[in-house]
>>> print(open('query_28.cif').read())   # mmCIF, C-alpha atoms
data_run
loop_
_atom_site.group_PDB
_atom_site.id
_atom_site.type_symbol
_atom_site.label_atom_id
_atom_site.label_comp_id
_atom_site.auth_asym_id
_atom_site.auth_seq_id
_atom_site.Cartn_x
_atom_site.Cartn_y
_atom_site.Cartn_z
ATOM 1 C CA MET B 863 139.643 137.073 84.195
ATOM 2 C CA LEU B 864 137.158 139.942 83.892
ATOM 3 C CA LYS B 865 134.691 140.028 81.023
ATOM 4 C CA GLN B 866 132.224 142.830 80.358
ATOM 5 C CA LEU B 867 128.773 141.485 79.472
ATOM 6 C CA PHE B 868 126.828 144.751 79.343
ATOM 7 C CA ALA B 869 127.641 148.461 79.250
ATOM 8 C CA GLY B 870 124.885 151.050 79.611
ATOM 9 C CA SER B 871 124.536 154.677 80.568
ATOM 10 C CA GLN B 872 123.707 153.887 84.204
ATOM 11 C CA ALA B 873 125.373 150.552 84.895
ATOM 12 C CA THR B 874 127.815 147.929 83.647
ATOM 13 C CA PHE B 875 127.775 144.184 84.193
ATOM 14 C CA TYR B 876 130.914 142.025 84.435
ATOM 15 C CA HIS B 877 131.640 138.336 84.777
ATOM 16 C CA ALA B 878 134.612 137.637 87.059
ATOM 17 C CA ASP B 879 136.441 134.330 87.247
ATOM 18 C CA ASP B 880 139.815 133.680 88.957
ATOM 19 C CA LEU B 881 140.717 137.339 89.353
ATOM 20 C CA GLU B 882 144.321 138.334 89.918
ATOM 21 C CA ASN B 883 145.267 140.251 93.057
ATOM 22 C CA ASP B 884 145.827 143.409 91.026
ATOM 23 C CA GLU B 885 142.324 143.154 89.568
ATOM 24 C CA VAL B 886 140.827 142.653 93.019
ATOM 25 C CA LYS B 887 142.560 145.803 94.302
ATOM 26 C CA GLN B 888 141.668 147.795 91.205
ATOM 27 C CA LEU B 889 137.992 146.899 91.496
ATOM 28 C CA ASP B 890 138.036 147.560 95.256
ATOM 29 C CA ILE B 891 136.586 144.145 96.106
ATOM 30 C CA PRO B 892 136.608 143.205 99.827
ATOM 31 C CA LYS B 893 138.947 140.288 100.635
ATOM 32 C CA SER B 894 136.274 138.676 102.798
ATOM 33 C CA PHE B 895 133.998 138.577 99.769
ATOM 34 C CA ILE B 896 136.666 136.820 97.678
ATOM 35 C CA ASN B 897 137.063 134.197 100.403
ATOM 36 C CA ASP B 898 133.308 133.603 100.427
ATOM 37 C CA VAL B 899 133.252 133.303 96.627
ATOM 38 C CA ASN B 900 135.814 130.490 96.775
ATOM 39 C CA ASP B 901 133.688 128.572 99.283
ATOM 40 C CA GLU B 902 131.687 125.990 97.327
ATOM 41 C CA ASN B 903 129.275 125.504 100.238
ATOM 42 C CA GLU B 904 128.422 129.192 100.692
ATOM 43 C CA ALA B 905 124.772 129.547 101.666
ATOM 44 C CA ALA B 906 122.284 131.792 99.898
ATOM 45 C CA ARG B 907 122.291 135.189 101.617
ATOM 46 C CA TRP B 908 122.681 138.950 101.103
ATOM 47 C CA HIS B 909 124.422 141.851 102.853
ATOM 48 C CA TYR B 910 124.661 145.593 102.310
ATOM 49 C CA SER B 911 127.505 147.810 103.473
ATOM 50 C CA LYS B 912 126.259 151.369 103.970
ATOM 51 C CA ASN B 913 129.758 152.820 104.219
ATOM 52 C CA ASP B 914 130.973 151.353 100.940
ATOM 53 C CA GLU B 915 127.520 151.226 99.324
ATOM 54 C CA ILE B 916 128.144 147.656 98.259
ATOM 55 C CA LEU B 917 125.472 144.990 98.018
ATOM 56 C CA THR B 918 126.597 141.347 98.118
ATOM 57 C CA LEU B 919 124.239 138.555 97.122
ATOM 58 C CA PHE B 920 124.756 134.787 97.033
ATOM 59 C CA ILE B 921 122.133 132.611 95.369
ATOM 60 C CA ASP B 922 122.170 129.029 94.127
ATOM 61 C CA ALA B 923 122.218 128.045 90.458
ATOM 62 C CA VAL B 924 121.696 124.607 88.956
ATOM 63 C CA VAL B 925 124.638 122.778 87.353
ATOM 64 C CA ALA B 926 124.591 119.537 85.334
ATOM 65 C CA ASP B 927 126.903 116.752 86.505
ATOM 66 C CA ASN B 928 128.294 115.728 83.125
ATOM 67 C CA ASP B 929 130.815 113.358 84.698
ATOM 68 C CA VAL B 930 128.064 111.174 86.212
ATOM 69 C CA PRO B 931 127.170 108.212 83.926
ATOM 70 C CA SER B 932 123.561 108.086 85.100
ATOM 71 C CA GLN B 933 120.976 110.360 83.485
ATOM 72 C CA GLY B 934 119.488 113.384 85.238
ATOM 73 C CA ALA B 935 122.410 114.286 87.499
ATOM 74 C CA TYR B 936 122.275 117.883 88.750
ATOM 75 C CA HIS B 937 123.559 119.784 91.744
ATOM 76 C CA THR B 938 123.520 123.430 92.808
ATOM 77 C CA GLU B 939 126.336 125.886 93.411
ATOM 78 C CA SER B 940 126.329 129.416 94.747
ATOM 79 C CA VAL B 941 126.703 132.380 92.393
ATOM 80 C CA ALA B 942 128.028 135.586 93.954
ATOM 81 C CA PHE B 943 126.987 139.089 92.908
ATOM 82 C CA LEU B 944 128.729 142.269 94.003
ATOM 83 C CA VAL B 945 126.742 145.438 93.264
ATOM 84 C CA GLN B 946 128.875 148.566 93.704
ATOM 85 C CA MET B 947 126.379 151.404 93.858
ATOM 86 C CA LYS B 948 128.953 154.210 93.648
ATOM 87 C CA GLU B 949 130.561 152.793 90.534
ATOM 88 C CA HIS B 950 127.192 151.665 89.053
ATOM 89 C CA ARG B 951 128.772 148.275 88.509
ATOM 90 C CA VAL B 952 127.580 144.693 88.922
ATOM 91 C CA LEU B 953 130.136 141.886 89.221
ATOM 92 C CA MET B 954 129.131 138.242 88.944
ATOM 93 C CA PHE B 955 131.519 135.590 90.296
ATOM 94 C CA THR B 956 131.298 131.936 89.286
ATOM 95 C CA ARG B 957 133.511 128.885 89.415
ATOM 96 C CA SER B 958 134.742 127.156 86.260
ATOM 97 C CA SER B 959 131.861 124.657 86.371
ATOM 98 C CA MET B 960 129.390 127.526 85.926
ATOM 99 C CA ASN B 961 131.013 129.647 83.227
ATOM 100 C CA PHE B 962 128.144 128.711 80.911
ATOM 101 C CA LEU B 963 125.958 131.006 83.002
ATOM 102 C CA ALA B 964 127.841 134.065 81.727
ATOM 103 C CA ASP B 965 126.886 133.238 78.134
ATOM 104 C CA HIS B 966 123.214 132.838 79.085
ATOM 105 C CA ILE B 967 123.184 136.157 80.932
ATOM 106 C CA ALA B 968 125.081 137.972 78.171
ATOM 107 C CA THR B 969 122.463 136.845 75.650
ATOM 108 C CA LYS B 970 119.660 138.079 77.895
ATOM 109 C CA LEU B 971 121.339 141.434 78.604
ATOM 110 C CA THR B 972 121.652 142.302 74.907
ATOM 111 C CA SER B 973 117.953 143.222 74.919
ATOM 112 C CA SER B 974 118.282 145.473 77.991
ATOM 113 C CA ALA B 975 117.907 149.225 77.629
ATOM 114 C CA LYS B 976 120.953 151.467 77.898
ATOM 115 C CA ALA B 977 119.452 153.199 80.938
ATOM 116 C CA THR B 978 119.178 149.967 82.908
ATOM 117 C CA THR B 979 120.082 150.355 86.595
ATOM 118 C CA PRO B 980 122.396 148.023 88.559
ATOM 119 C CA ILE B 981 119.450 146.488 90.432
ATOM 120 C CA GLU B 982 117.664 145.831 87.142
ATOM 121 C CA LEU B 983 120.779 144.108 85.788
ATOM 122 C CA LEU B 984 120.948 142.030 88.959
ATOM 123 C CA PHE B 985 117.300 140.980 88.665
ATOM 124 C CA THR B 986 117.747 140.173 84.978
ATOM 125 C CA ALA B 987 120.651 137.852 85.842
ATOM 126 C CA ILE B 988 118.531 136.169 88.525
ATOM 127 C CA LEU B 989 115.784 135.601 85.948
ATOM 128 C CA VAL B 990 118.319 133.825 83.738
ATOM 129 C CA ILE B 991 119.307 131.609 86.658
ATOM 130 C CA TYR B 992 115.665 130.671 87.189
ATOM 131 C CA GLY B 993 115.399 129.979 83.471
ATOM 132 C CA ASP B 994 118.158 127.397 83.875
ATOM 133 C CA TYR B 995 116.217 125.842 86.752
ATOM 134 C CA GLU B 996 113.175 125.569 84.493
ATOM 135 C CA ALA B 997 115.243 123.982 81.705
ATOM 136 C CA ALA B 998 116.702 121.439 84.143
ATOM 137 C CA LEU B 999 113.258 120.609 85.527
ATOM 138 C CA ASN B 1000 111.900 120.117 82.004
ATOM 139 C CA LYS B 1001 114.706 117.627 81.276
ATOM 140 C CA LEU B 1002 113.972 115.810 84.514
ATOM 141 C CA ASP B 1003 110.294 115.711 83.565
ATOM 142 C CA VAL B 1004 111.231 114.023 80.277
ATOM 143 C CA LEU B 1005 113.095 111.374 82.279
ATOM 144 C CA ARG B 1006 110.067 111.017 84.553
ATOM 145 C CA ARG B 1007 107.913 110.209 81.521
ATOM 146 C CA LYS B 1008 110.510 107.690 80.382
ATOM 147 C CA PHE B 1009 110.459 105.969 83.786
ATOM 148 C CA GLN B 1010 106.679 105.764 83.711
ATOM 149 C CA ASN B 1011 106.633 104.314 80.184
ATOM 150 C CA GLN B 1012 109.194 101.698 81.200
ATOM 151 C CA PHE B 1013 107.095 100.796 84.221
ATOM 152 C CA TYR B 1014 103.908 100.328 82.180
ATOM 153 C CA ARG B 1015 105.581 98.476 79.288
ATOM 154 C CA LYS B 1016 107.397 95.892 81.387
ATOM 155 C CA THR B 1017 105.223 94.352 84.040
ATOM 156 C CA SER B 1018 107.520 91.444 84.929
ATOM 157 C CA GLY B 1019 111.116 91.002 85.836
ATOM 158 C CA PHE B 1020 113.387 93.586 87.412
ATOM 159 C CA GLY B 1021 113.197 96.174 84.611
ATOM 160 C CA GLY B 1022 113.702 99.890 85.090
ATOM 161 C CA ASP B 1023 116.711 102.162 85.271
ATOM 162 C CA LEU B 1024 116.775 102.405 89.050
ATOM 163 C CA ASP B 1025 120.139 104.201 89.044
ATOM 164 C CA SER B 1026 118.680 107.027 86.946
ATOM 165 C CA ILE B 1027 115.570 107.179 89.130
ATOM 166 C CA TRP B 1028 117.668 107.615 92.263
ATOM 167 C CA THR B 1029 119.872 110.165 90.475
ATOM 168 C CA VAL B 1030 116.839 112.212 89.454
ATOM 169 C CA THR B 1031 115.485 112.007 93.009
ATOM 170 C CA ASN B 1032 118.742 113.397 94.403
ATOM 171 C CA ALA B 1033 118.825 116.154 91.765
ATOM 172 C CA LEU B 1034 115.295 117.217 92.663
ATOM 173 C CA LEU B 1035 116.245 117.412 96.338
ATOM 174 C CA TYR B 1036 119.094 119.798 95.477
ATOM 175 C CA ILE B 1037 116.922 121.885 93.162
ATOM 176 C CA ASP B 1038 113.900 122.129 95.447
ATOM 177 C CA SER B 1039 115.983 123.139 98.468
ATOM 178 C CA SER B 1040 117.973 125.722 96.499
ATOM 179 C CA ILE B 1041 114.882 127.300 94.954
ATOM 180 C CA GLU B 1042 113.323 127.672 98.383
ATOM 181 C CA ASP B 1043 116.507 129.254 99.799
ATOM 182 C CA ASN B 1044 116.759 131.656 96.854
ATOM 183 C CA GLU B 1045 113.135 132.668 97.230
ATOM 184 C CA ASP B 1046 113.586 133.495 100.919
ATOM 185 C CA VAL B 1047 116.756 135.512 100.276
ATOM 186 C CA ILE B 1048 115.284 137.562 97.407
ATOM 187 C CA ASP B 1049 112.083 138.286 99.325
ATOM 188 C CA ASN B 1050 114.129 139.378 102.323
ATOM 189 C CA LEU B 1051 116.364 141.531 100.120
ATOM 190 C CA THR B 1052 113.527 143.435 98.478
ATOM 191 C CA SER B 1053 111.724 144.010 101.789
ATOM 192 C CA GLN B 1054 114.721 144.914 103.991
ATOM 193 C CA PHE B 1055 117.148 146.625 101.586
ATOM 194 C CA LYS B 1056 116.625 150.328 102.307
ATOM 195 C CA ALA B 1057 118.497 151.495 99.222
ATOM 196 C CA TYR B 1058 116.117 149.451 97.056
ATOM 197 C CA LYS B 1059 113.782 151.996 95.466
ATOM 198 C CA PRO B 1060 111.893 150.124 92.786
ATOM 199 C CA ASP B 1061 110.524 151.738 89.664
ATOM 200 C CA SER B 1062 108.036 150.173 87.282
ATOM 201 C CA GLN B 1063 110.695 148.142 85.440
ATOM 202 C CA THR B 1064 112.284 146.882 88.647
ATOM 203 C CA GLU B 1065 108.888 145.898 90.015
ATOM 204 C CA PHE B 1066 108.137 144.088 86.766
ATOM 205 C CA LEU B 1067 111.391 142.101 87.048
ATOM 206 C CA LYS B 1068 110.731 141.329 90.729
ATOM 207 C CA ASN B 1069 107.257 140.034 89.902
ATOM 208 C CA ARG B 1070 108.719 137.912 87.111
ATOM 209 C CA ILE B 1071 111.236 136.451 89.569
ATOM 210 C CA ASP B 1072 108.463 135.660 92.061
ATOM 211 C CA ILE B 1073 106.391 133.930 89.378
ATOM 212 C CA GLU B 1074 109.353 131.911 88.059
ATOM 213 C CA ALA B 1075 110.341 130.928 91.616
ATOM 214 C CA GLN B 1076 106.832 129.759 92.497
ATOM 215 C CA GLN B 1077 106.467 127.789 89.276
ATOM 216 C CA ALA B 1078 109.874 126.140 89.673
ATOM 217 C CA HIS B 1079 109.173 125.337 93.321
ATOM 218 C CA LYS B 1080 105.798 123.741 92.536
ATOM 219 C CA MET B 1081 107.211 121.791 89.600
ATOM 220 C CA ALA B 1082 110.135 120.508 91.679
ATOM 221 C CA ASP B 1083 107.760 119.428 94.466
ATOM 222 C CA LEU B 1084 105.459 117.673 92.002
ATOM 223 C CA LEU B 1085 108.317 115.909 90.226
ATOM 224 C CA SER B 1086 109.807 114.825 93.559
ATOM 225 C CA SER B 1087 106.503 113.257 94.573
ATOM 226 C CA VAL B 1088 105.924 111.540 91.222
ATOM 227 C CA VAL B 1089 109.467 110.207 90.862
ATOM 228 C CA GLY B 1090 109.338 109.045 94.478
ATOM 229 C CA ASN B 1091 106.111 107.159 93.744
ATOM 230 C CA ILE B 1092 107.687 105.602 90.647
ATOM 231 C CA ALA B 1093 110.695 104.476 92.675
ATOM 232 C CA ASP B 1094 108.386 102.990 95.332
ATOM 233 C CA SER B 1095 106.364 101.243 92.605
ATOM 234 C CA TYR B 1096 109.513 99.710 91.113
ATOM 235 C CA SER B 1097 110.638 98.557 94.545
ATOM 236 C CA SER B 1098 107.231 97.051 95.297
ATOM 237 C CA ARG B 1099 107.141 95.268 91.949
ATOM 238 C CA ASN B 1100 110.655 93.932 92.381
ATOM 239 C CA ASP B 1101 109.819 92.707 95.881
ATOM 240 C CA ARG B 1102 106.694 91.036 94.545
ATOM 241 C CA ASN B 1103 108.621 89.406 91.681
ATOM 242 C CA LEU B 1104 111.308 88.207 94.060
ATOM 243 C CA ASN B 1105 108.711 86.747 96.414
ATOM 244 C CA TRP B 1106 107.038 84.983 93.488
ATOM 245 C CA ILE B 1107 110.355 83.526 92.318
ATOM 246 C CA MET B 1108 111.127 82.238 95.809
ATOM 247 C CA GLN B 1109 107.609 80.829 96.004
ATOM 248 C CA ILE B 1110 108.004 78.971 92.683
ATOM 249 C CA LEU B 1111 111.396 77.626 93.714
ATOM 250 C CA THR B 1112 109.896 76.365 96.950
ATOM 251 C CA VAL B 1113 107.065 74.623 95.084
ATOM 252 C CA TYR B 1114 109.466 72.966 92.644
ATOM 253 C CA SER B 1115 111.759 71.862 95.447
ATOM 254 C CA VAL B 1116 108.810 70.143 97.126
ATOM 255 C CA VAL B 1117 107.609 68.527 93.885
ATOM 256 C CA LEU B 1118 111.098 67.360 92.932
ATOM 257 C CA THR B 1119 111.529 65.791 96.368
ATOM 258 C CA ILE B 1120 108.915 63.160 95.492
ATOM 259 C CA PRO B 1121 111.126 61.217 92.993
ATOM 260 C CA THR B 1122 113.892 61.184 95.582
ATOM 261 C CA ILE B 1123 111.556 59.666 98.168
ATOM 262 C CA ILE B 1124 110.203 57.001 95.781
ATOM 263 C CA THR B 1125 113.566 55.985 94.353
ATOM 264 C CA GLY B 1126 115.130 56.001 97.813
ATOM 265 C CA PHE B 1127 112.366 53.839 99.172
ATOM 266 C CA TYR B 1128 112.640 51.244 96.385
ATOM 267 C CA GLY B 1129 116.407 51.375 96.502
ATOM 268 C CA GLN B 1130 116.483 49.774 99.960
ATOM 269 C CA ASN B 1131 117.450 46.129 100.365
ATOM 270 C CA VAL B 1132 114.069 45.142 101.808
ATOM 271 C CA LYS B 1133 112.147 42.145 100.545
ATOM 272 C CA TYR B 1134 108.501 42.079 99.574
ATOM 273 C CA LEU B 1135 108.137 45.755 98.729
ATOM 274 C CA PRO B 1136 104.984 46.409 96.659
ATOM 275 C CA PHE B 1137 105.653 45.671 92.974
ATOM 276 C CA ALA B 1138 109.326 44.993 93.808
ATOM 277 C CA LEU B 1139 109.301 41.579 92.165
ATOM 278 C CA HIS B 1140 107.068 42.565 89.268
ATOM 279 C CA GLN B 1141 108.639 42.421 85.820
ATOM 280 C CA ASN B 1142 107.565 46.022 85.089
ATOM 281 C CA SER B 1143 108.355 47.351 88.563
ATOM 282 C CA TRP B 1144 110.617 50.116 87.244
ATOM 283 C CA LEU B 1145 107.794 51.396 85.008
ATOM 284 C CA ILE B 1146 105.289 51.173 87.869
ATOM 285 C CA THR B 1147 107.524 53.215 90.195
ATOM 286 C CA ILE B 1148 107.916 55.860 87.511
ATOM 287 C CA ILE B 1149 104.142 56.041 87.031
ATOM 288 C CA ILE B 1150 103.633 56.292 90.812
ATOM 289 C CA THR B 1151 106.217 59.081 90.971
ATOM 290 C CA LEU B 1152 104.596 61.036 88.128
ATOM 291 C CA ILE B 1153 101.137 60.653 89.657
ATOM 292 C CA LEU B 1154 102.320 61.911 93.046
ATOM 293 C CA MET B 1155 104.169 64.823 91.405
ATOM 294 C CA LEU B 1156 101.031 65.707 89.431
ATOM 295 C CA ILE B 1157 98.870 65.552 92.566
ATOM 296 C CA ALA B 1158 101.300 67.824 94.443
ATOM 297 C CA THR B 1159 101.465 70.289 91.530
ATOM 298 C CA ILE B 1160 97.654 70.439 91.244
ATOM 299 C CA TRP B 1161 97.382 70.986 95.002
ATOM 300 C CA PHE B 1162 99.851 73.898 94.906
ATOM 301 C CA TRP B 1163 98.140 75.362 91.837
ATOM 302 C CA ARG B 1164 94.655 75.215 93.355
ATOM 303 C CA HIS B 1165 95.909 76.904 96.519
ATOM 304 C CA GLY B 1166 97.374 79.827 94.530
ATOM 305 C CA TYR B 1167 101.086 79.096 94.863
ATOM 306 C CA PHE B 1168 101.651 79.836 91.158
ATOM 307 C CA ASP B 1169 99.888 83.201 91.267
ATOM 308 C CA LYS B 1170 101.940 86.414 91.321
#
>>> encode(input="query_28.cif", output="structure tokens")
Amino acid sequence: MLKQLFAGSQATFYHADDLENDEVKQLDIPKSFINDVNDENEAARWHYSKNDEILTLFIDAVVADNDVPSQGAYHTESVAFLVQMKEHRVLMFTRSSMNFLADHIATKLTSSAKATTPIELLFTAILVIYGDYEAALNKLDVLRRKFQNQFYRKTSGFGGDLDSIWTVTNALLYIDSSIEDNEDVIDNLTSQFKAYKPDSQTEFLKNRIDIEAQQAHKMADLLSSVVGNIADSYSSRNDRNLNWIMQILTVYSVVLTIPTIITGFYGQNVKYLPFALHQNSWLITIIITLILMLIATIWFWRHGYFDK
């Protein structure tokens, strides 16, 4: 399927998805490029063919994992761009999971001037991709605030959505790595691409991309550190709570051993045990047991065994 998103006097922009063989031949798209597009693990990179005057660019875009039950699930997938200089045409290739990107770019391109060049269209699309990164990071930041509020509100027990925390941590790893790869590729493209002759508008778009990339990279790094600290804090608290529970159980097991010792001792068939022949011997043994249990409890309490 081929959908035109922008048509100007100097360039056109298309979104391509699952092209037929006839469309591939008609558009003169290299077969090697189609094979790379279908590779989900294609790395961010660029290449320019002088003979065909074709620029190929692969960069990563962020995608929400809607099928994951935990909140904050994101991963990144490569988006392929084919800039055909002779035809003044830009083709964007995505998989079905990223078709939403075409709508975002189409909305952005409606404000572009008719005389926009292919490189300007390419940079505008990249800006949209970075806008999606920013939106994803803002959503993850909202979850970060939620995790912090949960941590401060509940100071006991094993509270906290640890699954979501780990999911957000993994998403930030994907995002941070992809942003860094994209930044390196775009910087290398603009410095090494000989056919790249920027005008004022192109330079403006490139500067915007650099600013968005730096902001997204810093935000992803900061969120990774904060969420990591929150996860460590939850783990430390849970370990502390577990240790306290085991400590209390140990204290109670010791205290509750005292009645067993007393009743076992007086349950023996031995004559002349203290108070054994007294008419209130059962009451005396109970009092002795309670006193010993109280003494043991006070001893444990004074030595801090009940403290968290």
>>> residues_around(input="query_28.cif", residues="Arg951 in chain B", least_positions_apart="3", cutoff="9 Å", atoms="all atoms listed in the file", output="JSON, numbers by chain")
{"B": [872, 873, 874, 875, 876, 944, 945, 946, 947, 948, 980]}
>>> atom_distance(input="query_28.cif", atom1="CA of Thr1147 in chain B", atom2="CA of Tyr1128 in chain B")
8.3 Å
>>> closest_residue(input="query_28.cif", among="B:Phe985, B:Tyr1014, B:Tyr1036, B:Phe1127", to="Gln1063 in chain B", atoms="only C-alpha atoms")
B:Phe985
>>> atom_distance(input="query_28.cif", atom1="CA of Asp1101 in chain B", atom2="CA of Gln933 in chain B")
24.3 Å
>>> resolve_selection(input="query_28.cif", expression="the PyMOL selection byres ((chain B and resi 879) around 8)", output="list in words")
Met863, Leu864, His877, Ala878, Asp880, Leu881, Phe955, Thr956, Arg957 and Ser958 of chain B
>>> closest_residue(input="query_28.cif", among="B:Ser940, B:His1165, B:Asp890, B:Ala975", to="Asp1043 in chain B", atoms="all atoms listed in the file")
B:Ser940
>>> axis_aligned_box(input="query_28.cif", around="range 987-991 of chain B", padding_each_side="5 Å", output="JSON")
{"center_x": 118.2, "center_y": 134.7, "center_z": 86.1, "size_x": 14.9, "size_y": 16.2, "size_z": 14.8}
>>> closest_residue(input="query_28.cif", among="B:Lys970, B:Ala1078, B:Asp884, B:Val1116", to="Leu983 in chain B", atoms="all atoms listed in the file")
B:Lys970
>>> resolve_selection(input="query_28.cif", expression="the PyMOL selection byres ((chain B and resi 1009) around 12)", output="ChimeraX atom specification")
/B:933-934,1002-1008,1010-1016,1021-1028,1030,1088-1093,1095-1096
>>> closest_residue(input="query_28.cif", among="B:Asp901, B:Glu915, B:Asp994, B:Asp1169", to="Asn1105 in chain B", atoms="only C-alpha atoms")
B:Asp1169
>>> resolve_selection(input="query_28.cif", expression="the PyMOL selection byres ((chain B and resi 959) around 10)", output="JSON, numbers by chain")
{"B": [925, 926, 927, 939, 956, 957, 958, 960, 961, 962, 963]}
>>> atom_distance(input="query_28.cif", atom1="CA of Ala1033 in chain B", atom2="CA of Val1047 in chain B")
21.2 Å
>>> residues_around(input="query_28.cif", residues="Lys1080 in chain B", least_positions_apart="4", cutoff="12 Å", atoms="all atoms listed in the file", output="list in words")
Glu996, Leu999, Leu1034, Ile1037, Asp1038, Ser1039, Ile1041, Glu1042, Ile1073, Glu1074, Ala1075, Gln1076, Leu1084, Leu1085, Ser1086 and Ser1087 of chain B
>>> closest_residue(input="query_28.cif", among="B:Asn1044, B:Thr972, B:Asn1000, B:Leu1067", to="Leu867 in chain B", atoms="all atoms listed in the file")
B:Thr972
>>> closest_residue(input="query_28.cif", among="B:Trp1161, B:Gly993, B:Gly1166, B:Phe868", to="Gln1077 in chain B", atoms="all atoms listed in the file")
B:Gly993
>>> residues_around(input="query_28.cif", residues="Phe1168 in chain B", least_positions_apart="4", cutoff="8 Å", atoms="all atoms listed in the file", output="ChimeraX atom specification")
/B:1106,1109-1110,1162-1163
>>> residues_around(input="query_28.cif", residues="range 892-896 of chain B", least_positions_apart="4", cutoff="9 Å", atoms="all atoms listed in the file", output="PyMOL selection string")
chain B and resi 886-887+900-901+918+942+944
